[in-house]
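*Asks:* Sharing work_32.cif here; it has mmCIF, C-alpha atoms and all ligand atoms.
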data_entry
loop_
_atom_site.group_PDB
_atom_site.id
_atom_site.type_symbol
_atom_site.label_atom_id
_atom_site.label_comp_id
_atom_site.auth_asym_id
_atom_site.auth_seq_id
_atom_site.Cartn_x
_atom_site.Cartn_y
_atom_site.Cartn_z
ATOM 1 C CA MET A 1 25.824 11.473 28.769
ATOM 2 C CA PHE A 2 24.928 13.933 26.082
ATOM 3 C CA ASN A 3 22.477 16.771 25.804
ATOM 4 C CA SER A 4 19.961 16.796 22.979
ATOM 5 C CA VAL A 5 20.047 20.005 20.969
ATOM 6 C CA SER A 6 17.445 21.055 18.433
ATOM 7 C CA ALA A 7 18.510 21.927 14.882
ATOM 8 C CA LEU A 8 18.462 25.732 15.068
ATOM 9 C CA PRO A 9 18.146 26.712 18.742
ATOM 10 C CA GLY A 10 16.590 30.143 19.121
ATOM 11 C CA ALA A 11 16.111 30.743 15.395
ATOM 12 C CA PHE A 12 13.597 33.593 15.084
ATOM 13 C CA SER A 13 12.423 35.900 12.357
ATOM 14 C CA ALA A 14 9.758 38.599 12.484
ATOM 15 C CA GLY A 15 7.809 39.737 9.431
ATOM 16 C CA ALA A 16 4.222 39.333 8.216
ATOM 17 C CA ALA A 17 4.257 36.585 10.851
ATOM 18 C CA THR A 18 6.915 35.344 13.215
ATOM 19 C CA VAL A 19 8.855 32.202 12.379
ATOM 20 C CA SER A 20 10.533 30.493 15.308
ATOM 21 C CA GLU A 21 12.126 27.150 15.906
ATOM 22 C CA ALA A 22 10.094 25.289 18.509
ATOM 23 C CA GLY A 23 13.035 23.650 20.265
ATOM 24 C CA LEU A 24 13.051 20.009 21.225
ATOM 25 C CA VAL A 25 9.794 18.235 20.401
ATOM 26 C CA GLY A 26 9.159 14.519 20.867
ATOM 27 C CA MET A 27 7.872 12.644 17.815
ATOM 28 C CA VAL A 28 7.185 8.942 17.436
ATOM 29 C CA THR A 29 6.197 7.362 14.137
ATOM 30 C CA LEU A 30 3.923 4.356 14.430
ATOM 31 C CA LYS A 31 3.313 2.154 11.404
ATOM 32 C CA ALA A 32 0.546 -0.386 11.910
ATOM 33 C CA ASP A 33 -2.931 -1.403 10.759
ATOM 34 C CA LEU A 34 -4.859 1.621 12.018
ATOM 35 C CA THR A 35 -8.177 -0.247 11.747
ATOM 36 C CA ASP A 36 -6.967 -2.826 14.293
ATOM 37 C CA LYS A 37 -8.739 -2.236 17.647
ATOM 38 C CA LYS A 38 -5.618 -3.278 19.516
ATOM 39 C CA VAL A 39 -3.621 -0.575 17.715
ATOM 40 C CA ALA A 40 -6.295 2.035 18.433
ATOM 41 C CA ALA A 41 -6.297 1.083 22.120
ATOM 42 C CA ALA A 42 -2.500 1.260 22.347
ATOM 43 C CA VAL A 43 -2.419 4.693 20.676
ATOM 44 C CA PHE A 44 -5.142 5.960 23.012
ATOM 45 C CA GLU A 45 -3.458 4.648 26.137
ATOM 46 C CA VAL A 46 0.042 5.812 25.196
ATOM 47 C CA GLY A 47 -0.678 8.943 23.164
ATOM 48 C CA GLY A 48 -3.698 10.180 25.085
ATOM 49 C CA ALA A 49 -6.063 10.626 22.132
ATOM 50 C CA LYS A 50 -7.866 8.512 19.560
ATOM 51 C CA ILE A 51 -6.507 7.775 16.107
ATOM 52 C CA PRO A 52 -7.515 10.785 13.986
ATOM 53 C CA GLY A 53 -9.606 10.543 10.864
ATOM 54 C CA GLN A 54 -8.019 10.765 7.426
ATOM 55 C CA ARG A 55 -5.632 13.778 7.247
ATOM 56 C CA CYS A 56 -6.633 14.969 10.712
ATOM 57 C CA ILE A 57 -4.842 15.656 13.955
ATOM 58 C CA GLU A 58 -6.145 14.990 17.462
ATOM 59 C CA ILE A 59 -4.828 17.181 20.240
ATOM 60 C CA ALA A 60 -3.790 15.130 23.274
ATOM 61 C CA PRO A 61 -3.040 16.310 26.842
ATOM 62 C CA ALA A 62 0.703 15.933 26.273
ATOM 63 C CA GLY A 63 0.887 16.602 22.543
ATOM 64 C CA ALA A 64 -1.033 15.348 19.532
ATOM 65 C CA ILE A 65 -1.725 12.363 17.293
ATOM 66 C CA ALA A 66 -1.474 13.043 13.574
ATOM 67 C CA TRP A 67 -2.751 10.913 10.670
ATOM 68 C CA MET A 68 0.163 10.637 8.229
ATOM 69 C CA ALA A 69 -0.935 7.808 5.898
ATOM 70 C CA PRO A 70 -3.485 4.959 5.918
ATOM 71 C CA ASP A 71 -1.001 2.894 7.954
ATOM 72 C CA GLU A 72 0.890 5.594 9.835
ATOM 73 C CA VAL A 73 0.382 8.032 12.709
ATOM 74 C CA LEU A 74 2.774 10.507 14.277
ATOM 75 C CA ILE A 75 2.592 10.817 18.055
ATOM 76 C CA VAL A 76 3.772 14.221 19.215
ATOM 77 C CA CYS A 77 4.882 14.365 22.837
ATOM 78 C CA SER A 78 7.536 15.956 25.006
ATOM 79 C CA HIS A 79 11.075 15.201 23.861
ATOM 80 C CA ALA A 80 11.925 13.420 27.112
ATOM 81 C CA ASP A 81 8.847 11.171 26.871
ATOM 82 C CA ALA A 82 9.506 9.883 23.328
ATOM 83 C CA PRO A 83 11.665 6.842 24.276
ATOM 84 C CA GLY A 84 9.010 5.829 26.811
ATOM 85 C CA VAL A 85 6.257 6.191 24.207
ATOM 86 C CA VAL A 86 8.138 3.791 21.923
ATOM 87 C CA ALA A 87 8.681 1.312 24.752
ATOM 88 C CA ASP A 88 5.018 1.486 25.825
ATOM 89 C CA LEU A 89 3.769 1.016 22.253
ATOM 90 C CA ASP A 90 6.098 -1.946 21.733
ATOM 91 C CA ALA A 91 4.908 -3.496 24.999
ATOM 92 C CA LYS A 92 1.218 -3.039 24.218
ATOM 93 C CA LEU A 93 1.598 -4.213 20.624
ATOM 94 C CA THR A 94 3.670 -7.321 21.269
ATOM 95 C CA GLY A 95 2.520 -9.901 18.732
ATOM 96 C CA THR A 96 0.853 -7.257 16.547
ATOM 97 C CA HIS A 97 2.635 -6.289 13.336
ATOM 98 C CA HIS A 98 3.863 -2.741 13.919
ATOM 99 C CA LEU A 99 6.859 -0.419 13.902
ATOM 100 C CA ALA A 100 7.351 2.360 16.467
ATOM 101 C CA VAL A 101 10.350 4.655 16.042
ATOM 102 C CA ASN A 102 11.514 7.732 17.916
ATOM 103 C CA VAL A 103 12.085 10.250 15.113
ATOM 104 C CA SER A 104 12.362 13.339 17.364
ATOM 105 C CA ASP A 105 15.974 14.112 16.520
ATOM 106 C CA ALA A 106 15.485 13.490 12.799
ATOM 107 C CA ARG A 107 13.080 16.412 12.589
ATOM 108 C CA VAL A 108 12.855 20.124 13.216
ATOM 109 C CA VAL A 109 9.714 21.980 14.257
ATOM 110 C CA PHE A 110 8.828 25.585 13.455
ATOM 111 C CA ASP A 111 6.004 27.790 14.685
ATOM 112 C CA ILE A 112 4.580 30.347 12.278
ATOM 113 C CA GLN A 113 2.392 32.838 14.095
ATOM 114 C CA GLY A 114 0.666 36.044 13.136
ATOM 115 C CA PRO A 115 -1.939 37.472 10.763
ATOM 116 C CA GLY A 116 0.183 36.603 7.723
ATOM 117 C CA ALA A 117 0.744 32.959 8.693
ATOM 118 C CA ARG A 118 -1.689 31.458 6.160
ATOM 119 C CA GLU A 119 -0.230 33.509 3.354
ATOM 120 C CA ILE A 120 3.378 32.707 4.245
ATOM 121 C CA LEU A 121 2.669 28.995 3.877
ATOM 122 C CA ALA A 122 0.380 29.422 0.873
ATOM 123 C CA LYS A 123 3.264 31.014 -1.024
ATOM 124 C CA LEU A 124 5.418 27.941 -0.404
ATOM 125 C CA ALA A 125 3.060 24.953 -0.520
ATOM 126 C CA PRO A 126 0.633 23.756 -3.244
ATOM 127 C CA VAL A 127 -2.202 23.838 -0.720
ATOM 128 C CA ASP A 128 -5.441 25.827 -0.546
ATOM 129 C CA LEU A 129 -4.993 27.604 2.775
ATOM 130 C CA HIS A 130 -8.100 29.753 2.549
ATOM 131 C CA PRO A 131 -9.975 29.711 5.890
ATOM 132 C CA ASP A 132 -12.871 27.967 4.099
ATOM 133 C CA SER A 133 -10.535 25.131 3.105
ATOM 134 C CA PHE A 134 -8.064 24.681 5.940
ATOM 135 C CA GLN A 135 -8.827 24.855 9.645
ATOM 136 C CA PRO A 136 -7.451 23.632 12.966
ATOM 137 C CA GLY A 137 -7.867 19.870 13.249
ATOM 138 C CA GLU A 138 -6.465 19.133 9.803
ATOM 139 C CA LEU A 139 -2.926 17.967 9.101
ATOM 140 C CA ARG A 140 -1.360 18.514 5.718
ATOM 141 C CA ARG A 141 1.656 16.637 4.412
ATOM 142 C CA THR A 142 3.064 18.476 1.444
ATOM 143 C CA ARG A 143 6.168 20.358 0.400
ATOM 144 C CA ILE A 144 7.333 23.867 1.230
ATOM 145 C CA ALA A 145 9.330 25.089 -1.730
ATOM 146 C CA GLN A 146 11.639 22.123 -2.387
ATOM 147 C CA VAL A 147 11.416 20.118 0.840
ATOM 148 C CA ALA A 148 8.842 17.775 2.349
ATOM 149 C CA ALA A 149 6.946 19.115 5.348
ATOM 150 C CA ALA A 150 3.809 18.601 7.390
ATOM 151 C CA PHE A 151 1.849 21.294 9.163
ATOM 152 C CA TRP A 152 -1.270 21.862 11.203
ATOM 153 C CA MET A 153 -2.925 24.845 12.863
ATOM 154 C CA THR A 154 -2.467 25.422 16.571
ATOM 155 C CA GLY A 155 -4.905 28.342 16.661
ATOM 156 C CA ASP A 156 -6.162 31.193 14.512
ATOM 157 C CA ASP A 157 -3.233 32.442 12.434
ATOM 158 C CA ALA A 158 -0.852 29.939 14.019
ATOM 159 C CA PHE A 159 0.783 26.930 12.363
ATOM 160 C CA ARG A 160 3.200 24.304 13.582
ATOM 161 C CA LEU A 161 5.387 22.836 10.833
ATOM 162 C CA VAL A 162 7.541 19.707 10.920
ATOM 163 C CA THR A 163 10.275 18.971 8.437
ATOM 164 C CA PHE A 164 13.539 17.039 8.252
ATOM 165 C CA ARG A 165 16.386 18.226 10.447
ATOM 166 C CA SER A 166 18.808 17.967 7.514
ATOM 167 C CA VAL A 167 16.941 20.796 5.756
ATOM 168 C CA ALA A 168 16.281 22.901 8.868
ATOM 169 C CA GLN A 169 18.252 25.940 7.715
ATOM 170 C CA TYR A 170 16.685 25.860 4.242
ATOM 171 C CA ALA A 171 13.192 25.549 5.720
ATOM 172 C CA PHE A 172 13.772 28.396 8.170
ATOM 173 C CA ASP A 173 15.249 30.638 5.482
ATOM 174 C CA VAL A 174 12.444 30.015 3.015
ATOM 175 C CA LEU A 175 9.784 30.635 5.691
ATOM 176 C CA ALA A 176 11.531 33.826 6.848
ATOM 177 C CA MET A 177 11.878 34.968 3.225
ATOM 178 C CA SER A 178 8.176 34.344 2.593
ATOM 179 C CA ALA A 179 7.350 36.433 5.683
ATOM 180 C CA LYS A 180 9.517 39.393 4.689
ATOM 181 C CA PRO A 181 7.736 42.765 4.853
ATOM 182 C CA GLY A 182 6.832 43.901 1.364
ATOM 183 C CA GLY A 183 5.935 40.412 0.212
ATOM 184 C CA GLU A 184 2.309 40.494 1.379
ATOM 185 C CA VAL A 185 -0.247 39.293 -1.171
ATOM 186 C CA ARG A 186 -3.333 39.770 1.054
ATOM 187 C CA TYR A 187 -5.376 37.288 -0.947
ATOM 188 C CA PHE A 188 -7.104 35.691 2.030
ATOM 189 C CA MET B 1 -0.721 21.312 -14.473
ATOM 190 C CA LEU B 2 -1.804 17.777 -13.817
ATOM 191 C CA ILE B 3 -4.060 17.338 -10.779
ATOM 192 C CA LEU B 4 -4.771 13.857 -9.426
ATOM 193 C CA THR B 5 -6.870 12.688 -6.482
ATOM 194 C CA CYS B 6 -4.912 10.304 -4.282
ATOM 195 C CA PRO B 7 -7.181 7.383 -3.318
ATOM 196 C CA ASN B 8 -5.018 6.710 -0.246
ATOM 197 C CA CYS B 9 -5.487 10.020 1.528
ATOM 198 C CA GLY B 10 -8.311 11.611 -0.487
ATOM 199 C CA LEU B 11 -6.356 14.740 -1.368
ATOM 200 C CA THR B 12 -6.551 16.459 -4.708
ATOM 201 C CA ALA B 13 -2.840 16.838 -5.255
ATOM 202 C CA GLU B 14 -1.107 18.838 -7.923
ATOM 203 C CA GLU B 15 1.722 17.450 -9.986
ATOM 204 C CA SER B 16 4.533 18.932 -7.901
ATOM 205 C CA GLU B 17 3.446 16.817 -4.913
ATOM 206 C CA LEU B 18 3.501 13.645 -7.008
ATOM 207 C CA ALA B 19 6.189 11.404 -8.461
ATOM 208 C CA PRO B 20 5.521 9.535 -11.723
ATOM 209 C CA GLY B 21 6.069 5.773 -11.806
ATOM 210 C CA GLY B 22 5.538 4.959 -15.481
ATOM 211 C CA GLU B 23 3.104 2.580 -17.114
ATOM 212 C CA ALA B 24 0.655 0.677 -14.913
ATOM 213 C CA HIS B 25 -0.512 -2.934 -15.097
ATOM 214 C CA LEU B 26 2.783 -4.375 -16.339
ATOM 215 C CA LYS B 27 3.009 -8.144 -16.230
ATOM 216 C CA ARG B 28 6.210 -9.212 -14.539
ATOM 217 C CA PHE B 29 8.460 -11.759 -16.198
ATOM 218 C CA GLY B 30 10.989 -12.907 -13.624
ATOM 219 C CA PRO B 31 13.642 -15.630 -13.311
ATOM 220 C CA GLY B 32 13.118 -18.539 -15.720
ATOM 221 C CA SER B 33 11.167 -16.485 -18.251
ATOM 222 C CA GLU B 34 12.082 -16.135 -21.936
ATOM 223 C CA ASP B 35 14.699 -13.468 -22.692
ATOM 224 C CA ALA B 36 12.322 -11.627 -25.011
ATOM 225 C CA ASP B 37 9.601 -11.519 -22.334
ATOM 226 C CA PHE B 38 12.075 -10.327 -19.725
ATOM 227 C CA GLU B 39 13.357 -7.613 -22.047
ATOM 228 C CA GLY B 40 9.803 -6.539 -22.749
ATOM 229 C CA TYR B 41 9.007 -6.388 -19.052
ATOM 230 C CA LEU B 42 12.082 -4.261 -18.373
ATOM 231 C CA PHE B 43 12.111 -1.949 -21.367
ATOM 232 C CA GLN B 44 9.018 -2.062 -23.599
ATOM 233 C CA ARG B 45 6.442 0.584 -22.701
ATOM 234 C CA ALA B 46 3.228 1.606 -24.442
ATOM 235 C CA ASN B 47 3.802 5.400 -24.497
ATOM 236 C CA PRO B 48 0.471 6.104 -26.231
ATOM 237 C CA LYS B 49 -0.759 9.418 -27.583
ATOM 238 C CA GLY B 50 -4.094 9.451 -25.776
ATOM 239 C CA VAL B 51 -5.508 7.235 -23.032
ATOM 240 C CA HIS B 52 -2.838 5.920 -20.697
ATOM 241 C CA PHE B 53 -2.799 4.014 -17.402
ATOM 242 C CA GLU B 54 -0.024 5.113 -15.089
ATOM 243 C CA ARG B 55 1.510 4.586 -11.675
ATOM 244 C CA TRP B 56 1.906 7.648 -9.476
ATOM 245 C CA ARG B 57 3.182 8.145 -5.968
ATOM 246 C CA HIS B 58 1.930 10.814 -3.583
ATOM 247 C CA ALA B 59 5.565 11.495 -2.767
ATOM 248 C CA TYR B 60 5.248 14.696 -0.738
ATOM 249 C CA GLY B 61 1.924 13.656 0.794
ATOM 250 C CA CYS B 62 0.935 10.301 2.267
ATOM 251 C CA GLY B 63 3.817 8.609 0.426
ATOM 252 C CA LYS B 64 1.613 5.920 -1.121
ATOM 253 C CA TRP B 65 1.372 4.597 -4.676
ATOM 254 C CA PHE B 66 -1.826 4.712 -6.723
ATOM 255 C CA LEU B 67 -2.883 4.290 -10.349
ATOM 256 C CA ALA B 68 -4.370 6.857 -12.695
ATOM 257 C CA ALA B 69 -6.082 6.829 -16.083
ATOM 258 C CA ARG B 70 -5.511 9.979 -18.096
ATOM 259 C CA CYS B 71 -5.110 11.338 -21.599
ATOM 260 C CA THR B 72 -1.492 12.158 -22.440
ATOM 261 C CA VAL B 73 -2.598 14.747 -25.015
ATOM 262 C CA THR B 74 -5.177 16.782 -23.089
ATOM 263 C CA LEU B 75 -4.172 15.833 -19.516
ATOM 264 C CA GLU B 76 -7.842 14.923 -18.915
ATOM 265 C CA VAL B 77 -8.017 12.601 -15.938
ATOM 266 C CA PHE B 78 -10.547 9.757 -16.151
ATOM 267 C CA GLY B 79 -9.963 8.553 -12.627
ATOM 268 C CA THR B 80 -7.547 7.262 -10.018
ATOM 269 C CA TYR B 81 -7.680 3.926 -8.214
ATOM 270 C CA PRO B 82 -5.737 1.809 -5.719
ATOM 271 C CA ALA B 83 -2.290 0.478 -6.638
ATOM 272 C CA GLN B 84 -3.464 -3.021 -5.657
ATOM 273 C CA THR B 85 -5.710 -3.169 -8.739
ATOM 274 C CA THR B 86 -4.413 -5.609 -11.365
ATOM 275 C CA GLU B 87 -6.418 -4.293 -14.315
ATOM 276 C CA PRO B 88 -8.271 -1.043 -15.150
ATOM 277 C CA PRO B 89 -11.570 -0.988 -13.200
ATOM 278 C CA THR B 90 -14.729 -1.398 -15.318
ATOM 279 C CA GLU B 91 -16.110 1.888 -14.032
ATOM 280 C CA ILE B 92 -13.093 3.795 -15.333
ATOM 281 C CA VAL B 93 -13.016 1.868 -18.631
ATOM 282 C CA ASN B 94 -16.698 2.789 -19.164
ATOM 283 C CA LYS B 95 -15.972 6.421 -18.380
ATOM 284 C CA ILE B 96 -13.175 6.491 -20.962
ATOM 285 C CA LYS B 97 -15.337 4.753 -23.598
ATOM 286 C CA ALA B 98 -18.088 7.339 -23.077
ATOM 287 C CA LYS B 99 -15.630 10.145 -23.779
ATOM 288 C CA ARG B 100 -13.434 8.398 -26.371
ATOM 289 C CA PRO B 101 -15.756 6.174 -28.452
ATOM 290 C CA ASP B 102 -12.877 5.068 -30.709
ATOM 291 C CA TRP B 103 -10.764 3.884 -27.804
ATOM 292 C CA SER B 104 -10.653 0.317 -26.605
ATOM 293 C CA LEU B 105 -8.692 -1.442 -23.893
ATOM 294 C CA SER B 106 -5.987 -3.342 -25.753
HETATM 295 ZN ZN ZN C 1 -2.050 10.563 -0.718
#
Spell out the structure here as structure tokens.
Ligand SMILES: [Zn+2]

*Replies:*
Amino acid sequence: MFNSVSALPGAFSAGAATVSEAGLVGMVTLKADLTDKKVAAAVFEVGGAKIPGQRCIEIAPAGAIAWMAPDEVLIVCSHADAPGVVADLDAKLTGTHHLAVNVSDARVVFDIQGPGAREILAKLAPVDLHPDSFQPGELRRTRIAQVAAAFWMTGDDAFRLVTFRSVAQYAFDVLAMSAKPGGEVRYF
Amino acid sequence: MLILTCPNCGLTAEESELAPGGEAHLKRFGPGSEDADFEGYLFQRANPKGVHFERWRHAYGCGKWFLAARCTVTLEVFGTYPAQTTEPPTEIVNKIKAKRPDWSLS
């Protein structure tokens, strides 16, 4: 047996907002025809929420369902549940063209929390993060500095960000750097 | 800065989120075609000074390809449309003609 370990266990930085690694998070990518009722039913039964609208995220009892592309959703769940989510999706979608993959250990998740959270991300991503433009319920796939990432809001002044595990240290460093005291822009 | 609206996810994405894919609406010449046609398909590109139809990919966003009509001189964007379109849509051609009376779809 082996124990799963997240990319940067315990990584934490305090500044204009706190940046912390979220530990092990379950993530399952599902590629399928999202307009297919059978797919919608399978996602609802397995993920616990409906398929979100374009660029949105639905919060589910055990995680969330995120719209990633016209043919792709990301099911966020507990790390231990991810293999079961894949198995359940495969069982419910037998005969329907789809691909369900447990990507939990290919990713790293960070939480950015505090009054400066919007600004910390706005300095790194080509995204309008003004409160009038970005609110909880929306998911944004973009880049932070030089790496691909996706993020959504988990509350006022709180973001959860997913990126590739292979760039975990870079992502943490660039987020922590953006949060450094003295770097406040206070535009929002 | 070039800003394009991705028809796949509806986002207005700036250039740094996008990856260029060269000229759009190329006709493929595959196995069995004439050498000159195959060479043209592989290497000959329009590269106009002015109106151009291009392939773009929303690389850091939804990951999908789409097509765009823009002016290579002014960066004016006439419109974006799905990658599954085999020729420039009439609506976009009309929009270009209204703004560039001397231009015609060759
Ligand atoms: Zn897109």

*Asks:* Excluding Ala148 in chain A and its own-chain neighbours fewer than 6 positions away, which residues fall within 10 Å of it when counting all atoms listed in the file? Please give them as a ChimeraX atom specification.

*Replies:* /A:125,141-142,162-164,167,171 /B:17,59-61

*Asks:* Limited to C-alpha atoms, could you put the picked residues into a file as a PDB file, in the frame of the given file?

*Replies:*
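What ended up in result-v6.pdb:
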ATOM      1  CA  ALA A 125       3.060  24.953  -0.520  1.00  0.00           C
ATOM      2  CA  ARG A 141       1.656  16.637   4.412  1.00  0.00           C
ATOM      3  CA  THR A 142       3.064  18.476   1.444  1.00  0.00           C
ATOM      4  CA  VAL A 162       7.541  19.707  10.920  1.00  0.00           C
ATOM      5  CA  THR A 163      10.275  18.971   8.437  1.00  0.00           C
ATOM      6  CA  PHE A 164      13.539  17.039   8.252  1.00  0.00           C
ATOM      7  CA  VAL A 167      16.941  20.796   5.756  1.00  0.00           C
ATOM      8  CA  ALA A 171      13.192  25.549   5.720  1.00  0.00           C
TER       9      ALA A 171
ATOM     10  CA  GLU B  17       3.446  16.817  -4.913  1.00  0.00           C
ATOM     11  CA  ALA B  59       5.565  11.495  -2.767  1.00  0.00           C
ATOM     12  CA  TYR B  60       5.248  14.696  -0.738  1.00  0.00           C
ATOM     13  CA  GLY B  61       1.924  13.656   0.794  1.00  0.00           C
TER      14      GLY B  61
END

*Asks:* Please check the contacts: residues of chain A at most 9 Å away from chain B, using all atoms listed in the file, listed as a ChimeraX atom specification.

*Replies:* /A:54-55,68-70,72,126-127,140-143,147-150

*Asks:* Just the selected residues (C-alpha atoms), exported as a PDB file, in the frame of the given file, please.

*Replies:*
ATOM      1  CA  GLN A  54      -8.019  10.765   7.426  1.00  0.00           C
ATOM      2  CA  ARG A  55      -5.632  13.778   7.247  1.00  0.00           C
ATOM      3  CA  MET A  68       0.163  10.637   8.229  1.00  0.00           C
ATOM      4  CA  ALA A  69      -0.935   7.808   5.898  1.00  0.00           C
ATOM      5  CA  PRO A  70      -3.485   4.959   5.918  1.00  0.00           C
ATOM      6  CA  GLU A  72       0.890   5.594   9.835  1.00  0.00           C
ATOM      7  CA  PRO A 126       0.633  23.756  -3.244  1.00  0.00           C
ATOM      8  CA  VAL A 127      -2.202  23.838  -0.720  1.00  0.00           C
ATOM      9  CA  ARG A 140      -1.360  18.514   5.718  1.00  0.00           C
ATOM     10  CA  ARG A 141       1.656  16.637   4.412  1.00  0.00           C
ATOM     11  CA  THR A 142       3.064  18.476   1.444  1.00  0.00           C
ATOM     12  CA  ARG A 143       6.168  20.358   0.400  1.00  0.00           C
ATOM     13  CA  VAL A 147      11.416  20.118   0.840  1.00  0.00           C
ATOM     14  CA  ALA A 148       8.842  17.775   2.349  1.00  0.00           C
ATOM     15  CA  ALA A 149       6.946  19.115   5.348  1.00  0.00           C
ATOM     16  CA  ALA A 150       3.809  18.601   7.390  1.00  0.00           C
TER      17      ALA A 150
END

*Asks:* List, as a tab-separated table (two decimals) with C-alpha atoms, in the frame of the given file, every residue that the PyMOL selection byres (((chain B and resi 51) around 10) and not hetatm) selects in the file provided.

*Replies:*
chain	number	residue	atom	x	y	z
B	47	ASN	CA	3.80	5.40	-24.50
B	48	PRO	CA	0.47	6.10	-26.23
B	49	LYS	CA	-0.76	9.42	-27.58
B	50	GLY	CA	-4.09	9.45	-25.78
B	52	HIS	CA	-2.84	5.92	-20.70
B	53	PHE	CA	-2.80	4.01	-17.40
B	54	GLU	CA	-0.02	5.11	-15.09
B	69	ALA	CA	-6.08	6.83	-16.08
B	70	ARG	CA	-5.51	9.98	-18.10
B	71	CYS	CA	-5.11	11.34	-21.60
B	72	THR	CA	-1.49	12.16	-22.44
B	73	VAL	CA	-2.60	14.75	-25.02
B	74	THR	CA	-5.18	16.78	-23.09
B	75	LEU	CA	-4.17	15.83	-19.52
B	76	GLU	CA	-7.84	14.92	-18.92
B	77	VAL	CA	-8.02	12.60	-15.94
B	78	PHE	CA	-10.55	9.76	-16.15
B	96	ILE	CA	-13.18	6.49	-20.96
B	100	ARG	CA	-13.43	8.40	-26.37
B	103	TRP	CA	-10.76	3.88	-27.80
B	104	SER	CA	-10.65	0.32	-26.60
B	105	LEU	CA	-8.69	-1.44	-23.89

*Asks:* Let me know the centre plus edge lengths, in Å and rounded to one decimal, of a box with edges along x, y and z that contains all listed atoms of range 85-103 of chain B and is padded by 5 Å on every side, as lines of an AutoDock Vina configuration file.

*Replies:*
center_x = -11.3
center_y = 2.3
center_z = -19.7
size_x = 23.7
size_y = 25.8
size_z = 32.0

*Asks:* Counting all atoms listed in the file, which of B:Pro88, B:Pro31, B:Gly21, B:Gly79 gets nearest to Ser106 in chain B?

*Replies:*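 Using all atoms listed in the file, Ser106 in chain B sits closest to B:Pro88.
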
*Asks:* For each of A:Asp132, A:Asp33, A:Glu21, A:Asp81, take the minimum atom-to-atom distance to Gly47 in chain A, counting only C-alpha atoms, then give the residue where this is smallest.

*Replies:*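 Between A:Asp132, A:Asp33, A:Glu21, A:Asp81, the residue approaching Gly47 in chain A most closely is A:Asp81.
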
*Asks:* One number please: CA of Gly22 in chain B to CA of Glu91 in chain B, in Å, one decimal.

*Replies:*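 Separation between CA of Gly22 in chain B and CA of Glu91 in chain B: 21.9 Å.
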
*Asks:* Expressed in Å to a single decimal, how great is the separation between CA of Ser78 in chain A and CA of Ala49 in chain A?

*Replies:*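 Atom-to-atom, CA of Ser78 in chain A to CA of Ala49 in chain A, that is 14.9 Å.
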
*Asks:* Excluding Gly48 in chain A and residues on its chain fewer than 4 positions from it, collect all residues at most 8 Å away from it, counting all atoms listed in the file, and give them as an NGL selection string.

*Replies:* :A and (43-44 or 60-62)

*Asks:* Using C-alpha atoms, can you write the selected residues to a file as a compact mmCIF listing (two decimals), in the frame of the given file?

*Replies:*
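In the end it all went to result.txt:
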# COMPACT_ATOMS: atom_id res chain seq x y z
CA VAL A 43 -2.42 4.69 20.68
CA PHE A 44 -5.14 5.96 23.01
CA ALA A 60 -3.79 15.13 23.27
CA PRO A 61 -3.04 16.31 26.84
CA ALA A 62 0.70 15.93 26.27
